[in-house]
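Colleague: My structure is below; once you've seen it, I'll send some questions.
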Amino acid sequence: MRLKSLIKVSLAAVFVAGGAFASGLGDPDKGEKIFRKCASCHEVGQGAINRIGPQLNGLFGRTAGAMPDMQYSKNMIRMGDDGLIWTVETLDAYVENPRALVSKTRMSFRGIKDPQERADLLAYLRRFSDDPANIPEAEPTATGTDHDLDPAILALEGDPEYGEYLASECQTCHQASGANDGIPGISNWPTEDFVVAMHAYKRKLRPHPVMQMMAGRLNDEEIAALAAYFKDLE
Amino acid sequence: MTLNRRIFLGTGAAVAATIAAPTVFAAGHGKPHVVVVGGGAGGATAARYIAKDSKGEVAVTLIEPSRQYYTCFFSNLYLGGFKEMDDLGHSYGGIAAGGVNVVHDWVTGVDRDAKTVALAGGGSVPYDKLILSPGIDFVDGAVEGWNLMAQNAMPHAYKGGSQTELLKAQLMAMPEGGTFAMVAPPNPYRCPPGPYERVSMVAHFLKANNPTAKIIVADPKAKFSKQSLFQEGWANHYEGMIDWIGEDFGGGNVSVDPDAMTVTIDGEVTNVDVCNVIPAMKAGRIAELAGVTDGNWAPVNAADMSTKADPDIYVLGDAAQQGDMPKSGYSANSQAKVCANAVRGALTGSRVFPAKFSNTCWSLIDTNDGVKVGATYEATDEKIAKVDGFISATGETAELRKATYEESEGWYTGITKDMFGA
């Protein structure tokens with residue numbers, strides 16, 4: 001009985017994944033080829049086990065940094081505690097630029113810039129997840145990624161003096177020395193990482209409520225100003 | 001010993017401070033002079049930031065009676081056994097090394113025409129801009145039967161330091177199965193979740209050391225900050241121990257007898273073993289002496305924290321009547337940065353940026369069970385107005401609550417370094 005229903009569920013998952021492909025979400029067969037980039041560290045499919053990275057069966061709907069017996073970065077564990085769940089949207093952001101979502105992730109991977117390639121990869125990975133939460137229709141807004149940062153935003157030249165004033169608000173919690181106890185240090189960060197991370201909070205891709213609130217009211221120039229100030233703070 | 005860069009810079013700053021000191025008293029020539037009264041979250045931050053950012057262009061004097069500052073925030077964690085008193089103490093050495101002339105004295109008056117403040121130790125100090133950050137005092141006669149002469153029998157423990165230690169000593173000496181009473185304050189008051197975090201920490205201590213003891217809270221308010229989070233936590237961790245009597249049940253109709261150690265709530269007399277009376281509050285007395293208060297608090301302009309009464313006097317933190325921000329150390333620290341930027345701009349012509357304020361209050365309910373509430377604010381013509389906010393949810397995972405507690409510890413380290421510079 002139990003086995004039967006499991007089979008039913010996985011059949012449904014395959015069927016739905018096919019449907020998703022038809023609606024342009026991604027091609028799982030192309031995704032399988034793209035997955036070769038990941039396969040040196042991650043296993044997926046029957047018998048997959050944790051290796052350098054966690055195994056990826058049942059990935060959709062899983063809490064970040066929560067696989068038992070897996071060594072994660074502090075940041076990944078913190079993100080999971082804060083409520084980061086792997087969905088089409090968050091995985092897409094993570095695969096695009098891992099450090100934008102999780103600053104000091106142990107996953108040393110540059111990311112995949114092409115949105116279609118990411119969609120294909122996720123369509124492939126979804127074959128191995130039977131959680132109903134990954135039915136693409138459950139997240140219609142996640143299809144066709146929209147979190148690519150406008151290059152104009154990244155190119156903004158920040159005003160470090162304004163940044164210093166704005167930074168005083170950050171430094172109530174984030175110590176200027178860059179110390180890392182309870183609240184991570186943010187001094188001396190590369191500008192692009194800083195800008196991308198702040199926009200990820202602003203768009204609520206990163207889960208922390210204080211940071212979503214703080215980033216939420218900063219405009220593009222203000223985020224650039226902060227990045228310009230913190231980059232040289234040692 | 002080799003001189004590293006850090007030590008060299010530190011020595012340089014200390015020398016700058018001693019050079020700055022004489023000019024402080026030489027009114028009328030040379031540098032503009034800012035006097036800051038009160039070295040807590042508002043005053044210490046403002047003094048340090050003006051000195052740091054003006055790079056010597058503005059002389060700054062901080063007047064604070066205590067040589068060692070004990071934070072009121074996190075003092076509940078001392079009551080609960082999570083912190084030692086030493087963890088809450090901070091010296092002013094870092095601020096002095098940052099170029100601020102630190103004077104340990106009381107200000108007894110402000111002459112707004114001559115623009116001087118008088119010191120209890122004699123003499124007066126001239127100012128171009130005066131920043132008052134005096135915290136709170138208590139409203140006389142706010143709780144029937146209680147006055148400052150009774151604060152040893154029934155401590156308020158709502159200013160950091162000796163009162164907090166006294167309350168802890170009384171808590172530890174409570175007889176088995178005894179009663180701890182709290183008289184909670186009416187709005188507005190310092191640290192809205194503070195009394196309820198304190199109830200949680202007292203309960204945490206009693207659960208481990210005196211599990212049949214009871215806690216009663218007489219509250220003049222019908223509801224309180226983070227109420228659903230606290231009540232969920234009390235039910236989960238301290239079932240049957242805490243009796244909260246709100247306005248609806250006569251919690252505001254309360255009197256105390258410190259000699260008999262009784263509390264009368266809505267006509268019913270209860271014998272108590274410890275009684276924590278937190279009376280109604282008002283701005284620290286110096287704000288009243290300076291003539292910048294209206295009623296219990298000092299009304300200020302949201303854009304720069306200058307008082308409505310005098311454009312050269314600013315009031316920060318608990319004492320200010322500013323609008324939507326809660327009275328908290330975080331708020332005072334946030335207001336101080338806006339004020340420091342505006343004051344420096346007014347005195348030196350440096351750039352003045354738009355006011356941005358924020359606040360977050362973390363509370364600990366039990367071991368690794370932390371919650372938080374926060375908001376951002378902006379300056380409008382009438383007041384500091386709330387923009388956006390969040391609050392922890394009931395039923396959160398244990399991992400998230402633990403992360404929230406760890407975050408609060410990070411915040412404590414961060415804000416005290418931000419205030420004291422060391």
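Simple scheme: letters A, B, ... for chains in structure tokens order, numbers from 1 for residues in each chain, numbers from 1 for ligands in the order shown.
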Show which residues sit within 7 Å of region 53-62 of chain B, as a list in words. Count only C-alpha atoms, and ignore same-chain residues fewer than 4 positions away.

Modeller: Ala20, Val24, Lys31, Pro32, His33, Val34, Val35, Val36, Val37, Gly39, Ala47, Tyr49, Val100, Asn101, Val102, Val103 and Arg344 of chain B

Colleague: Residues of chain B that approach chain A to 6 Å or less, counting only C-alpha atoms: could you list each one with the shortest pair of atoms and its distance in Å to one decimal, rows by chain and increasing residue number, as JSON lines?

Modeller:
{"residue": "B:Glu399", "atom": "CA", "partner": "A:Asp81", "partner_atom": "CA", "distance": 5.6}
{"residue": "B:Leu400", "atom": "CA", "partner": "A:Asp81", "partner_atom": "CA", "distance": 5.0}
{"residue": "B:Glu406", "atom": "CA", "partner": "A:Gly182", "partner_atom": "CA", "distance": 4.9}
{"residue": "B:Glu407", "atom": "CA", "partner": "A:Gly182", "partner_atom": "CA", "distance": 4.6}
{"residue": "B:Gly410", "atom": "CA", "partner": "A:Gly182", "partner_atom": "CA", "distance": 4.3}
{"residue": "B:Trp411", "atom": "CA", "partner": "A:Cys173", "partner_atom": "CA", "distance": 4.6}
{"residue": "B:Gly414", "atom": "CA", "partner": "A:Cys173", "partner_atom": "CA", "distance": 4.6}
{"residue": "B:Ile415", "atom": "CA", "partner": "A:Thr172", "partner_atom": "CA", "distance": 4.6}

Colleague: Using only C-alpha atoms, which protein or nucleic acid residues come within 7 Å of region 290-297 of chain B? Drop anything in the same chain fewer than 2 positions from it, and give the result as a list in words.

Modeller: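 Once the adjacent positions are removed, what remains is Gly109, Val110, Lys282, Ala283, Ile286, Ala287, Glu288, Pro299, Thr307, Ala309, Ala319, Ala320 and Gln321 of chain B.
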
Colleague: Quick check for you: according to DSSP on this backbone, which residues of region 162-386 of chain B are classed as alpha helix (DSSP H)? Reply as an MDAnalysis selection string.

Modeller: chainID B and resid 162:172 194:209 227:237 285:289 329:348

Colleague: For Asn188 (chain A), find every residue with an atom within 7 Å (counting only C-alpha atoms), except residues of its own chain fewer than 2 positions away, and show them as a list in words.

Modeller: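 Listed by chain and then number, they are Ile186, Pro190, Phe230, Lys231, Asp232, Leu233 and Glu234 of chain A.
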
Colleague: Write out as a ChimeraX atom specification the residues lying within 8 Å of Leu167 (chain B), counting only C-alpha atoms and excluding same-chain residues fewer than 6 positions away.

Modeller: /B:79,155,157,276

Colleague: Counting only C-alpha atoms, figure out which residue out of A:Arg99, A:His199, A:Arg36, A:Arg118 gets nearest to Leu154 (chain A).

Modeller: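 The shortest atom-to-atom distance to Leu154 (chain A) comes from A:His199.
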
Colleague: I'd like the neighbourhood of Lys37 (chain A) as a list of chain:residue names, where a residue qualifies if any of its atoms comes within 12 Å (using only C-alpha atoms), though same-chain residues fewer than 5 positions away should be ignored.

Modeller: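 Within the cut-off, the hits are A:Gly31, A:Glu32, A:His42, A:Glu43, A:Val95, A:Ser108, A:Phe109, A:Arg110, A:Gly111, A:Ile112, A:Glu117, A:Arg118, A:Leu121.
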
Colleague: Output the selection as an mmCIF file, in the first residue's frame - C-alpha atoms for each residue.

Modeller:
data_model
loop_
_atom_site.group_PDB
_atom_site.id
_atom_site.type_symbol
_atom_site.label_atom_id
_atom_site.label_comp_id
_atom_site.auth_asym_id
_atom_site.auth_seq_id
_atom_site.Cartn_x
_atom_site.Cartn_y
_atom_site.Cartn_z
ATOM 1 C CA GLY A 31 19.807 19.763 -17.395
ATOM 2 C CA GLU A 32 21.312 16.304 -17.018
ATOM 3 C CA HIS A 42 27.132 16.149 -5.616
ATOM 4 C CA GLU A 43 25.320 12.867 -6.245
ATOM 5 C CA VAL A 95 23.015 28.509 -8.630
ATOM 6 C CA SER A 108 33.301 26.748 -4.514
ATOM 7 C CA PHE A 109 31.381 27.211 -7.728
ATOM 8 C CA ARG A 110 31.258 30.331 -9.809
ATOM 9 C CA GLY A 111 27.617 29.956 -10.695
ATOM 10 C CA ILE A 112 25.679 29.685 -13.956
ATOM 11 C CA GLU A 117 20.748 26.664 -18.300
ATOM 12 C CA ARG A 118 19.691 27.124 -14.686
ATOM 13 C CA LEU A 121 19.352 22.125 -14.374
#

Colleague: DSSP on the backbone: what in region 176-410 of chain B comes out strand (DSSP E), as a PyMOL selection string?

Modeller: chain B and resi 179-183+214-218+242-245+254-257+262-265+268-271+274-277+281-283+298-299+313-315+320-321+356-366+369-379+384-391

Colleague: Please, what distance in Å, to one decimal, runs between CA of Val371 (chain B) and CA of Phe74 (chain B)?

Modeller: 13.7 Å

Colleague: From the options A:Gln46, A:Asn97, A:Asn75, A:Thr87, which residue's atoms come nearest to Ala200 (chain A), counting only C-alpha atoms?

Modeller: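 Of A:Gln46, A:Asn97, A:Asn75, A:Thr87, the one nearest Ala200 (chain A), counting only C-alpha atoms, is A:Asn97.
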
Colleague: Have a look at CA of Ser75 (chain B) and CA of Tyr377 (chain B) and let me know their distance in Å, one decimal.

Modeller: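 CA of Tyr377 (chain B) lies at a distance of 26.4 Å from CA of Ser75 (chain B).
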